[in-house]
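> I am sharing structure_39.tsv, which consists of TSV, C-alpha atoms (C1' of nucleotides):
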```
chain	number	residue	atom	x	y	z
A	1008	MET	CA	37.59	7.86	8.37
A	1009	SER	CA	36.81	9.29	4.99
A	1010	THR	CA	34.29	7.03	3.44
A	1011	LEU	CA	31.28	8.72	1.99
A	1012	ALA	CA	29.13	7.18	4.69
A	1013	ASN	CA	31.35	8.69	7.37
A	1014	GLN	CA	31.19	12.12	5.82
A	1015	ILE	CA	27.42	12.04	5.61
A	1016	GLU	CA	27.24	10.80	9.17
A	1017	SER	CA	29.43	13.63	10.45
A	1018	TYR	CA	27.50	16.21	8.55
A	1019	LEU	CA	24.14	15.03	9.84
A	1020	LYS	CA	25.33	14.81	13.43
A	1021	LYS	CA	26.78	18.28	13.25
A	1022	VAL	CA	23.54	19.72	11.93
A	1023	ILE	CA	21.38	17.86	14.43
A	1024	SER	CA	23.46	19.12	17.33
A	1025	ALA	CA	22.88	22.65	16.15
A	1026	GLN	CA	19.12	22.19	16.36
A	1027	PRO	CA	17.51	23.33	19.62
A	1028	ASP	CA	15.25	20.30	19.78
A	1029	HIS	CA	17.80	17.95	18.27
A	1030	ILE	CA	15.44	17.11	15.45
A	1031	LEU	CA	16.42	17.38	11.80
A	1032	GLU	CA	14.12	17.19	8.82
A	1033	ILE	CA	15.70	16.93	5.42
A	1034	ARG	CA	14.95	15.76	1.91
A	1035	ARG	CA	16.74	12.54	1.14
A	1036	GLY	CA	17.19	13.57	-2.47
A	1037	ASP	CA	18.80	16.89	-1.54
A	1038	LEU	CA	21.25	15.24	0.77
A	1039	ALA	CA	22.15	12.69	-1.89
A	1040	GLU	CA	22.68	15.45	-4.40
A	1041	ASN	CA	24.89	17.43	-2.04
A	1042	PHE	CA	27.09	14.43	-1.51
A	1043	MET	CA	26.83	13.36	-5.14
A	1044	CYS	CA	25.64	9.88	-4.40
A	1045	VAL	CA	22.62	7.68	-4.99
A	1046	PRO	CA	19.70	8.25	-2.62
A	1047	SER	CA	19.87	4.78	-1.16
A	1048	GLN	CA	23.29	5.67	0.20
A	1049	ILE	CA	21.45	7.89	2.65
A	1050	ASN	CA	19.43	4.94	3.85
A	1051	TYR	CA	22.60	3.01	4.39
A	1052	VAL	CA	23.95	5.79	6.58
A	1053	LEU	CA	20.69	6.01	8.50
A	1054	GLU	CA	20.63	2.28	9.10
A	1055	THR	CA	24.22	1.92	10.17
A	1056	ARG	CA	24.78	5.21	12.00
A	1057	PHE	CA	21.45	6.44	13.22
A	1058	GLY	CA	19.96	3.32	14.71
A	1059	VAL	CA	18.85	2.57	18.21
A	1060	THR	CA	22.33	1.76	19.37
A	1061	GLN	CA	23.51	5.17	18.36
A	1062	GLY	CA	20.54	6.80	20.04
A	1063	TYR	CA	18.49	8.05	17.14
A	1064	LEU	CA	14.95	7.65	15.93
A	1065	VAL	CA	14.17	8.05	12.24
A	1066	GLU	CA	10.78	8.86	10.74
A	1067	SER	CA	9.85	9.74	7.19
A	1068	LYS	CA	7.20	10.51	4.65
A	1069	ARG	CA	7.14	9.76	0.92
A	1070	GLY	CA	5.67	11.62	-1.98
A	1071	GLY	CA	5.47	15.33	-2.62
A	1072	GLY	CA	6.74	17.24	0.37
A	1073	GLY	CA	8.39	14.09	1.62
A	1074	PHE	CA	11.19	14.12	4.17
A	1075	VAL	CA	13.40	12.15	6.47
A	1076	ARG	CA	13.29	13.16	10.12
A	1077	ILE	CA	16.10	12.26	12.45
A	1078	ILE	CA	15.45	12.60	16.17
A	1079	LYS	CA	18.32	12.44	18.63
A	1080	LEU	CA	17.30	10.62	21.77
A	1081	SER	CA	18.27	11.91	25.16
A	1082	THR	CA	20.83	9.67	26.72
A	1083	VAL	CA	21.35	11.70	29.86
A	1084	GLN	CA	19.03	10.06	32.35
A	1085	ASP	CA	19.18	6.54	31.09
A	1086	ASN	CA	17.68	4.30	33.72
A	1087	GLY	CA	18.62	1.15	31.95
A	1088	LEU	CA	16.05	1.87	29.31
A	1089	HIS	CA	18.53	1.64	26.49
A	1090	LYS	CA	19.08	-2.00	27.28
A	1091	VAL	CA	15.38	-2.66	26.95
A	1092	VAL	CA	15.26	-0.67	23.76
A	1093	GLU	CA	17.96	-2.79	22.22
A	1094	ALA	CA	16.44	-5.96	23.56
A	1095	THR	CA	13.24	-5.25	21.69
A	1096	ASN	CA	14.93	-4.34	18.43
A	1097	GLY	CA	13.46	-6.48	15.69
A	1098	ARG	CA	12.16	-8.98	18.23
A	1099	ARG	CA	8.86	-10.76	18.39
A	1100	ILE	CA	7.00	-10.09	21.61
A	1101	SER	CA	4.11	-12.12	22.94
A	1102	GLN	CA	1.04	-10.43	24.30
A	1103	THR	CA	1.86	-11.49	27.83
A	1104	ALA	CA	5.39	-10.21	27.60
A	1105	GLY	CA	4.15	-6.98	26.07
A	1106	GLU	CA	1.66	-6.46	28.87
A	1107	GLY	CA	4.39	-7.03	31.40
A	1108	LEU	CA	6.74	-4.59	29.73
A	1109	LEU	CA	4.11	-1.86	29.57
A	1110	ASN	CA	3.08	-2.38	33.17
A	1111	ARG	CA	6.67	-2.16	34.25
A	1112	LEU	CA	7.17	1.06	32.30
A	1113	ASN	CA	4.03	2.38	33.96
A	1114	GLU	CA	5.16	1.42	37.42
A	1115	GLU	CA	8.52	3.02	36.90
A	1116	GLY	CA	6.89	6.24	35.82
A	1117	PHE	CA	7.83	6.18	32.15
A	1118	LEU	CA	4.23	5.82	31.04
A	1119	THR	CA	1.11	7.32	32.59
A	1120	ASN	CA	-1.81	5.08	33.50
A	1121	ARG	CA	-3.68	6.37	30.49
A	1122	GLU	CA	-0.80	5.69	28.15
A	1123	ASN	CA	-0.54	2.23	29.59
A	1124	LEU	CA	-4.24	1.55	29.08
A	1125	LEU	CA	-4.10	2.83	25.53
A	1126	LEU	CA	-1.08	0.77	24.60
A	1127	GLN	CA	-2.31	-2.36	26.36
A	1128	SER	CA	-5.37	-2.21	24.18
A	1129	LEU	CA	-3.26	-1.56	21.11
A	1130	ILE	CA	-1.11	-4.61	21.54
A	1131	SER	CA	-3.97	-6.91	22.41
A	1132	SER	CA	-4.26	-9.65	19.88
A	1133	SER	CA	-7.68	-8.56	18.68
A	1134	VAL	CA	-6.31	-5.27	17.45
A	1135	LEU	CA	-3.29	-6.88	15.96
A	1136	LYS	CA	-5.32	-9.35	13.99
A	1137	ASN	CA	-2.99	-8.63	11.17
A	1138	ASP	CA	-2.52	-11.27	8.52
A	1139	GLY	CA	1.18	-11.12	9.06
A	1140	ASP	CA	3.31	-11.76	12.07
A	1141	SER	CA	1.44	-10.19	14.99
A	1142	GLU	CA	4.20	-10.84	17.46
A	1143	LEU	CA	6.67	-9.06	15.24
A	1144	LEU	CA	4.32	-6.13	14.85
A	1145	ARG	CA	3.79	-6.04	18.61
A	1146	GLY	CA	7.54	-5.90	18.99
A	1147	GLN	CA	7.78	-3.04	16.52
A	1148	ILE	CA	5.10	-1.07	18.31
A	1149	LEU	CA	6.70	-1.56	21.71
A	1150	HIS	CA	10.10	-0.74	20.31
A	1151	SER	CA	8.73	2.50	18.94
A	1152	VAL	CA	7.12	3.31	22.28
A	1153	LEU	CA	10.42	2.82	24.05
A	1154	LEU	CA	12.25	5.02	21.60
A	1155	ASN	CA	9.72	7.76	22.11
A	1156	ILE	CA	10.10	7.59	25.85
A	1157	LEU	CA	13.73	8.48	25.28
A	1158	ARG	CA	12.91	11.54	23.17
A	1159	SER	CA	13.88	14.68	24.98
A	1160	ASP	CA	10.85	16.50	23.65
A	1161	PHE	CA	8.58	13.73	24.89
A	1162	GLU	CA	8.96	14.46	28.59
A	1163	ASN	CA	8.63	18.13	27.92
A	1164	SER	CA	5.26	17.68	26.26
A	1165	LYS	CA	3.44	16.93	29.51
A	1166	GLU	CA	0.53	19.37	29.30
A	1167	GLU	CA	0.02	22.98	28.61
B	1462	MET	CA	8.02	21.04	3.32
B	1463	SER	CA	5.40	23.46	2.16
B	1464	THR	CA	3.47	21.70	-0.50
B	1465	LEU	CA	0.66	23.40	-2.32
B	1466	ALA	CA	-1.79	21.14	-0.52
B	1467	ASN	CA	-0.38	22.23	2.84
B	1468	GLN	CA	-0.66	25.89	1.94
B	1469	ILE	CA	-4.25	25.56	0.85
B	1470	GLU	CA	-5.03	23.59	3.97
B	1471	SER	CA	-3.52	26.26	6.22
B	1472	TYR	CA	-5.34	29.01	4.44
B	1473	LEU	CA	-8.70	27.31	4.69
B	1474	LYS	CA	-8.26	26.46	8.35
B	1475	LYS	CA	-7.24	30.00	9.16
B	1476	VAL	CA	-10.29	31.42	7.43
B	1477	ILE	CA	-12.67	28.92	8.98
B	1478	SER	CA	-11.38	29.67	12.46
B	1479	ALA	CA	-12.12	33.32	11.87
B	1480	GLN	CA	-15.77	32.57	11.12
B	1481	PRO	CA	-18.12	32.82	14.12
B	1482	ASP	CA	-20.02	29.71	13.08
B	1483	HIS	CA	-16.96	27.92	11.76
B	1484	ILE	CA	-18.55	27.59	8.37
B	1485	LEU	CA	-16.85	28.66	5.18
B	1486	GLU	CA	-18.41	28.93	1.76
B	1487	ILE	CA	-16.17	29.48	-1.19
B	1488	ARG	CA	-16.08	28.95	-4.93
B	1489	ARG	CA	-13.77	26.13	-5.88
B	1490	GLY	CA	-12.71	27.91	-9.02
B	1491	ASP	CA	-11.77	31.08	-7.17
B	1492	LEU	CA	-9.67	29.22	-4.67
B	1493	ALA	CA	-7.92	27.35	-7.45
B	1494	GLU	CA	-7.24	30.60	-9.24
B	1495	ASN	CA	-5.84	32.23	-6.10
B	1496	PHE	CA	-3.44	29.38	-5.63
B	1497	MET	CA	-2.78	29.07	-9.33
B	1498	CYS	CA	-3.64	25.41	-9.54
B	1499	VAL	CA	-6.16	23.15	-11.20
B	1500	PRO	CA	-9.56	22.94	-9.50
B	1501	SER	CA	-9.22	19.28	-8.72
B	1502	GLN	CA	-6.32	20.17	-6.45
B	1503	ILE	CA	-8.91	21.68	-4.15
B	1504	ASN	CA	-10.77	18.39	-4.03
B	1505	TYR	CA	-7.56	16.64	-3.13
B	1506	VAL	CA	-7.05	18.98	-0.20
B	1507	LEU	CA	-10.65	18.55	0.92
B	1508	GLU	CA	-10.42	14.79	0.74
B	1509	THR	CA	-7.12	14.44	2.53
B	1510	ARG	CA	-7.41	17.23	5.12
B	1511	PHE	CA	-11.05	17.99	5.69
B	1512	GLY	CA	-12.62	14.59	6.12
B	1513	VAL	CA	-14.94	13.40	8.81
B	1514	THR	CA	-12.04	12.00	10.77
B	1515	GLN	CA	-10.44	15.41	10.90
B	1516	GLY	CA	-13.63	16.93	12.18
B	1517	TYR	CA	-14.95	18.58	9.05
B	1518	LEU	CA	-18.01	18.24	6.91
B	1519	VAL	CA	-17.88	19.31	3.28
B	1520	GLU	CA	-20.94	20.12	1.20
B	1521	SER	CA	-21.19	21.59	-2.25
B	1522	LYS	CA	-23.43	22.63	-5.05
B	1523	ARG	CA	-22.74	22.79	-8.77
B	1524	GLY	CA	-23.95	25.14	-11.42
B	1525	GLY	CA	-24.42	28.88	-11.29
B	1526	GLY	CA	-23.95	30.16	-7.79
B	1527	GLY	CA	-22.25	26.93	-6.91
B	1528	PHE	CA	-20.02	26.64	-3.87
B	1529	VAL	CA	-18.04	24.44	-1.56
B	1530	ARG	CA	-19.02	24.67	2.06
B	1531	ILE	CA	-16.66	23.52	4.77
B	1532	ILE	CA	-18.07	23.07	8.25
B	1533	LYS	CA	-15.89	22.51	11.26
B	1534	LEU	CA	-17.68	20.29	13.71
B	1535	SER	CA	-17.03	20.30	17.39
B	1536	THR	CA	-17.09	16.86	18.91
B	1537	VAL	CA	-20.28	17.66	20.75
B	1538	GLN	CA	-21.99	18.38	17.44
B	1539	ASP	CA	-20.38	15.31	16.04
B	1540	ASN	CA	-22.16	13.07	18.52
B	1541	GLY	CA	-19.08	12.32	20.58
B	1542	LEU	CA	-16.75	11.00	17.94
B	1543	HIS	CA	-19.31	8.45	16.89
B	1544	LYS	CA	-18.90	9.28	13.22
B	1545	VAL	CA	-15.14	9.14	13.43
B	1546	VAL	CA	-15.23	5.73	15.03
B	1547	GLU	CA	-17.47	4.56	12.23
B	1548	ALA	CA	-15.34	6.18	9.58
B	1549	THR	CA	-12.21	4.43	10.79
B	1550	ASN	CA	-13.76	1.01	11.24
B	1551	GLY	CA	-11.91	-1.38	8.98
B	1552	ARG	CA	-10.77	1.50	6.82
B	1553	ARG	CA	-7.41	2.25	5.39
B	1554	ILE	CA	-5.92	5.58	6.50
B	1555	SER	CA	-3.03	7.42	4.88
B	1556	GLN	CA	-0.22	8.94	6.87
B	1557	THR	CA	-1.47	12.44	6.12
B	1558	ALA	CA	-5.02	11.66	7.17
B	1559	GLY	CA	-3.77	9.93	10.30
B	1560	GLU	CA	-1.73	12.97	11.29
B	1561	GLY	CA	-4.80	15.12	10.83
B	1562	LEU	CA	-6.95	12.89	12.97
B	1563	LEU	CA	-4.45	12.73	15.81
B	1564	ASN	CA	-3.89	16.48	15.75
B	1565	ARG	CA	-7.62	17.02	15.94
B	1566	LEU	CA	-7.96	14.69	18.91
B	1567	ASN	CA	-5.10	16.55	20.56
B	1568	GLU	CA	-6.61	19.95	19.89
B	1569	GLU	CA	-9.96	18.90	21.26
B	1570	GLY	CA	-8.36	17.59	24.42
B	1571	PHE	CA	-8.87	13.89	23.85
B	1572	LEU	CA	-5.17	13.22	23.66
B	1573	THR	CA	-2.35	14.87	25.55
B	1574	ASN	CA	0.60	16.29	23.65
B	1575	ARG	CA	2.65	13.33	24.76
B	1576	GLU	CA	0.09	10.85	23.56
B	1577	ASN	CA	-0.09	12.70	20.27
B	1578	LEU	CA	3.67	12.63	19.78
B	1579	LEU	CA	3.82	8.96	20.61
B	1580	LEU	CA	1.03	8.03	18.25
B	1581	GLN	CA	2.26	10.27	15.44
B	1582	SER	CA	5.53	8.45	15.60
B	1583	LEU	CA	3.76	5.11	15.65
B	1584	ILE	CA	1.86	5.78	12.44
B	1585	SER	CA	4.78	7.27	10.54
B	1586	SER	CA	5.76	5.09	7.65
B	1587	SER	CA	9.21	4.18	8.84
B	1588	VAL	CA	7.90	2.84	12.11
B	1589	LEU	CA	5.06	0.99	10.49
B	1590	LYS	CA	7.22	-1.04	8.21
B	1591	ASN	CA	5.35	-4.26	7.87
B	1592	ASP	CA	4.79	-6.69	5.07
B	1593	GLY	CA	1.05	-6.23	4.95
B	1594	ASP	CA	-1.19	-3.32	4.19
B	1595	SER	CA	0.31	-0.35	6.05
B	1596	GLU	CA	-2.70	1.86	5.55
B	1597	LEU	CA	-5.02	-0.78	6.92
B	1598	LEU	CA	-2.81	-1.24	9.94
B	1599	ARG	CA	-2.74	2.50	10.48
B	1600	GLY	CA	-6.51	2.48	10.37
B	1601	GLN	CA	-6.68	-0.33	12.92
B	1602	ILE	CA	-4.35	1.48	15.28
B	1603	LEU	CA	-6.30	4.71	15.04
B	1604	HIS	CA	-9.59	2.91	15.42
B	1605	SER	CA	-8.30	1.32	18.58
B	1606	VAL	CA	-7.20	4.70	19.89
B	1607	LEU	CA	-10.67	6.08	19.27
B	1608	LEU	CA	-12.35	3.18	21.02
B	1609	ASN	CA	-10.15	3.82	24.01
B	1610	ILE	CA	-11.07	7.47	24.07
B	1611	LEU	CA	-14.71	6.46	24.20
B	1612	ARG	CA	-14.16	4.07	27.09
B	1613	SER	CA	-15.13	5.67	30.34
B	1614	ASP	CA	-12.30	4.15	32.32
B	1615	PHE	CA	-9.88	5.67	29.87
B	1616	GLU	CA	-11.46	9.10	30.09
B	1617	ASN	CA	-11.43	8.92	33.85
B	1618	SER	CA	-7.79	8.00	34.01
B	1619	LYS	CA	-6.58	11.46	33.12
B	1620	GLU	CA	-5.30	12.13	36.61
B	1621	GLU	CA	-2.72	10.09	38.34
C	1187	DA	C1'	41.47	-15.81	1.04
C	1188	DA	C1'	37.66	-14.81	3.58
C	1189	DT	C1'	34.81	-11.68	5.69
C	1190	DT	C1'	32.74	-7.38	6.38
C	1191	DA	C1'	31.54	-2.73	4.95
C	1192	DT	C1'	30.32	0.45	1.38
C	1193	DT	C1'	28.52	1.90	-2.97
C	1194	DT	C1'	25.26	1.56	-6.67
C	1195	DG	C1'	21.21	0.84	-9.23
C	1196	DA	C1'	16.93	-1.44	-10.51
C	1197	DC	C1'	12.53	-1.99	-8.72
C	1198	DT	C1'	8.74	-0.74	-5.29
C	1199	DA	C1'	5.64	2.37	-2.34
C	1200	DT	C1'	3.42	6.63	-1.15
C	1201	DT	C1'	1.84	11.41	-1.74
C	1202	DT	C1'	0.95	15.31	-4.49
C	1203	DT	C1'	-0.05	17.63	-8.86
C	1204	DT	C1'	-2.38	17.84	-13.29
C	1205	DG	C1'	-5.65	17.25	-16.86
C	1206	DA	C1'	-9.27	15.14	-19.54
C	1207	DC	C1'	-13.84	13.99	-19.20
C	1208	DC	C1'	-18.43	13.78	-16.38
C	1209	DA	C1'	-22.56	15.73	-13.75
C	1210	DA	C1'	-25.55	19.12	-11.82
C	1211	DT	C1'	-27.76	23.54	-11.58
C	1212	DA	C1'	-28.99	28.08	-13.13
C	1213	DA	C1'	-29.95	31.18	-16.78
C	1214	DT	C1'	-31.67	31.96	-21.20
C	1215	DA	C1'	-33.94	31.09	-25.46
C	1216	DT	C1'	-37.71	29.04	-27.97
D	395	DA	C1'	-42.92	24.52	-20.34
D	396	DT	C1'	-39.00	22.71	-22.64
D	397	DA	C1'	-34.73	22.81	-24.66
D	398	DT	C1'	-30.28	24.76	-24.80
D	399	DT	C1'	-26.28	26.88	-23.01
D	400	DA	C1'	-23.33	28.71	-19.46
D	401	DT	C1'	-21.50	27.98	-15.06
D	402	DT	C1'	-20.11	25.46	-11.51
D	403	DG	C1'	-18.26	21.39	-9.02
D	404	DG	C1'	-16.76	15.94	-9.23
D	405	DT	C1'	-14.03	11.76	-10.61
D	406	DC	C1'	-10.44	9.23	-11.90
D	407	DA	C1'	-6.25	8.00	-13.68
D	408	DA	C1'	-1.73	9.42	-15.28
D	409	DA	C1'	2.44	11.94	-14.25
D	410	DA	C1'	5.65	13.88	-11.02
D	411	DA	C1'	7.96	14.00	-6.63
D	412	DT	C1'	9.49	11.81	-2.86
D	413	DA	C1'	11.27	7.83	0.03
D	414	DG	C1'	12.27	2.49	0.81
D	415	DT	C1'	14.12	-2.29	-0.29
D	416	DC	C1'	17.18	-5.52	-1.77
D	417	DA	C1'	20.82	-7.56	-3.82
D	418	DA	C1'	24.86	-7.25	-6.84
D	419	DA	C1'	29.30	-5.06	-7.39
D	420	DT	C1'	33.33	-2.95	-5.08
D	421	DA	C1'	36.29	-1.81	-1.45
D	422	DA	C1'	38.31	-2.43	2.97
D	423	DT	C1'	39.69	-5.25	6.79
D	424	DT	C1'	40.98	-9.59	9.06
```
How would this structure read if it were set down as structure tokens?

Amino acid sequence: MSTLANQIESYLKKVISAQPDHILEIRRGDLAENFMCVPSQINYVLETRFGVTQGYLVESKRGGGGFVRIIKLSTVQDNGLHKVVEATNGRRISQTAGEGLLNRLNEEGFLTNRENLLLQSLISSSVLKNDGDSELLRGQILHSVLLNILRSDFENSKEE
Amino acid sequence: MSTLANQIESYLKKVISAQPDHILEIRRGDLAENFMCVPSQINYVLETRFGVTQGYLVESKRGGGGFVRIIKLSTVQDNGLHKVVEATNGRRISQTAGEGLLNRLNEEGFLTNRENLLLQSLISSSVLKNDGDSELLRGQILHSVLLNILRSDFENSKEE
DNA sequence: AATTATTTGACTATTTTTGACCAATAATAT
DNA sequence: ATATTATTGGTCAAAAATAGTCAAATAATT
């Protein structure tokens, strides 16, 4: 209960809860300094405590003005989406399977027709003509899409 | 979070918006002096925040009476995103530049707030963790988004 | 004793800041 | 006119400021 990782985890969760939008942006180096540890310790905490399973999305930026952004996902109206989110974690996804997933999300109202069209095009093999593992990349993209659907500020950003 | 580059960017955008013709002419040296930085810092800001993809055109002249002219182009003037599509074709795009492009598309009504949020997340470095060339991949994703915006069936799918 | 979790640090990647040197244009001198 | 000098802006690469990865060393748990 009192490992460094646990303390950092508690601290971050406390601060995030205090944010109106449940989003926290912080400098990794600052956090490491506050807890008197190496910066990579922060990554360990993020990986083990702020993953999909725990309902968080993490984004970041390097270089001057860099940051780590932790976004708490809304878990309130979970229509079985979390299962899908976990099922796509780190998985390869074929184009056909990806198309099916997006269409299903569209039919169930999680994605608009436009969003579906856009993403269908994005995961088509021609776009993903990456040298690397296209199926893995497709999985990463779809995983990210799913996580964003669960963001509480995502639904609220309908239109002005 | 407020880097020098961000401050200069904000300042310039504020001033340009206040111009009736959305054109700003300024001396690079003056700007650098105001922000107490080296002149080349200005070029960095222009390159990373005022490129064609972000909807700006930059011209300049050296020597006595020299200047830097920043022109904000509306999409109509810009031939319907044609230049942006060209500029992103096969090109590598940094996270900063990508953010700028998406925000511009959002501001000009080509992307909804939701679509912007989703895509911003998709191009953030932590999401785009792949073995290959991240910047190239970011460019491919954004290029695909632009092509979709230009497709008539995508434009027409705004309502649902 | 074996396995799993945590801590640490060396090495990598990305973005911003800075400075030395280059190029163009205008003004002035010859 | 031409050459020279002053006045601008441009380029590029190094340094600084962030963050990420990975695996070895420790610690905790089974």
> Any idea what's packed within 9 Å of segment 1548-1554 of chain B, counting only C-alpha atoms (C1' of nucleotides), ignoring anything in its chain fewer than 5 positions away? Could you give it as a PyMOL selection string?
chain B and resi 1513-1514+1543+1559+1594-1601+1603-1604+1607
> Which value, in Å to one decimal, gives the distance between atom C1' of DA409 of chain D and atom C1' of DA1206 of chain C?
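Atom-to-atom, atom C1' of DA409 of chain D and atom C1' of DA1206 of chain C are spaced 13.2 Å apart.
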> Which one is closest to chain C: B:Leu1608, B:Val1588, B:Val1506, B:Ile1531? Count all atoms listed in the file.
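Closest candidate: B:Val1506.
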> Find the residues around segment 1190-1197 of chain C up to 8 Å (only C-alpha atoms (C1' of nucleotides) counted), leave out those fewer than 5 positions away in its own chain, and share them as a PyMOL selection string.
(chain A and resi 1010+1012+1045+1048) or (chain D and resi 419-423)
> Give me a file of those residues, with C-alpha atoms (C1' of nucleotides), as a short mmCIF file (atom, residue, chain, number, x, y, z; two decimals), in the coordinates of the input.

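Below is the file result-v4.cif, written as the result:
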```cif
data_model
loop_
_atom_site.label_atom_id
_atom_site.label_comp_id
_atom_site.auth_asym_id
_atom_site.auth_seq_id
_atom_site.Cartn_x
_atom_site.Cartn_y
_atom_site.Cartn_z
CA THR A 1010 34.29 7.03 3.44
CA ALA A 1012 29.13 7.18 4.69
CA VAL A 1045 22.62 7.68 -4.99
CA GLN A 1048 23.29 5.67 0.20
"C1'" DA D 419 29.30 -5.06 -7.39
"C1'" DT D 420 33.33 -2.95 -5.08
"C1'" DA D 421 36.29 -1.81 -1.45
"C1'" DA D 422 38.31 -2.43 2.97
"C1'" DT D 423 39.69 -5.25 6.79
#
```
> Where does chain A meet chain B within 10 Å, residue by residue, with the nearest atom pair and distance in Å to one decimal for each, counting all atoms listed in the file, listed by chain and rising number, as a tab-separated table?

```
residue	atom	partner	partner_atom	distance
A:Glu1032	CA	B:Met1462	CA	9.1
A:Ile1033	CA	B:Met1462	CA	9.0
A:Arg1034	CA	B:Met1462	CA	8.8
A:Leu1064	CA	B:Val1588	CA	9.4
A:Val1065	CA	B:Ser1587	CA	7.2
A:Glu1066	CA	B:Ser1587	CA	5.3
A:Ser1067	CA	B:Ser1587	CA	5.8
A:Lys1068	CA	B:Ser1586	CA	6.4
A:Arg1069	CA	B:Ser1586	CA	8.3
A:Gly1071	CA	B:Thr1464	CA	7.0
A:Gly1072	CA	B:Met1462	CA	5.0
A:Gly1073	CA	B:Met1462	CA	7.2
A:Phe1074	CA	B:Met1462	CA	7.7
A:Val1075	CA	B:Ser1587	CA	9.3
A:Arg1076	CA	B:Ser1587	CA	9.9
A:Leu1118	CA	B:Arg1575	CA	9.9
A:Thr1119	CA	B:Glu1621	CA	7.4
A:Asn1120	CA	B:Ser1618	CA	6.7
A:Arg1121	CA	B:Ser1618	CA	5.7
A:Glu1122	CA	B:Glu1576	CA	7.0
A:Asn1123	CA	B:Phe1615	CA	10.0
A:Leu1124	CA	B:Phe1615	CA	7.0
A:Leu1125	CA	B:Asn1609	CA	6.3
A:Leu1126	CA	B:Val1606	CA	8.7
A:Ser1128	CA	B:Ser1605	CA	7.2
A:Leu1129	CA	B:Ser1605	CA	6.3
A:Ile1130	CA	B:Ile1602	CA	9.3
A:Ser1133	CA	B:Ser1605	CA	9.9
A:Val1134	CA	B:Gln1601	CA	6.7
A:Leu1135	CA	B:Gln1601	CA	8.0
A:Lys1136	CA	B:Gln1601	CA	9.2
A:Asn1137	CA	B:Leu1598	CA	7.5
A:Asp1138	CA	B:Gly1593	CA	7.1
A:Gly1139	CA	B:Gly1593	CA	6.4
A:Asp1140	CA	B:Asp1592	CA	8.8
A:Leu1143	CA	B:Asn1591	CA	8.9
A:Leu1144	CA	B:Asn1591	CA	7.3
A:Gln1147	CA	B:Val1588	CA	7.4
A:Ile1148	CA	B:Leu1583	CA	6.9
A:Leu1149	CA	B:Leu1583	CA	9.5
A:His1150	CA	B:Val1588	CA	9.2
A:Ser1151	CA	B:Leu1583	CA	6.5
A:Val1152	CA	B:Leu1579	CA	6.8
A:Leu1153	CA	B:Leu1579	CA	9.6
A:Leu1154	CA	B:Leu1579	CA	9.4
A:Asn1155	CA	B:Leu1579	CA	6.2
A:Ile1156	CA	B:Leu1579	CA	8.3
A:Arg1158	CA	B:Leu1579	CA	9.8
A:Asp1160	CA	B:Arg1575	CA	8.9
A:Phe1161	CA	B:Arg1575	CA	5.9
A:Glu1162	CA	B:Arg1575	CA	7.5
A:Asn1163	CA	B:Arg1575	CA	8.3
A:Ser1164	CA	B:Arg1575	CA	5.3
A:Lys1165	CA	B:Arg1575	CA	6.0
A:Glu1166	CA	B:Asn1574	CA	6.4
A:Glu1167	CA	B:Asn1574	CA	8.3
```
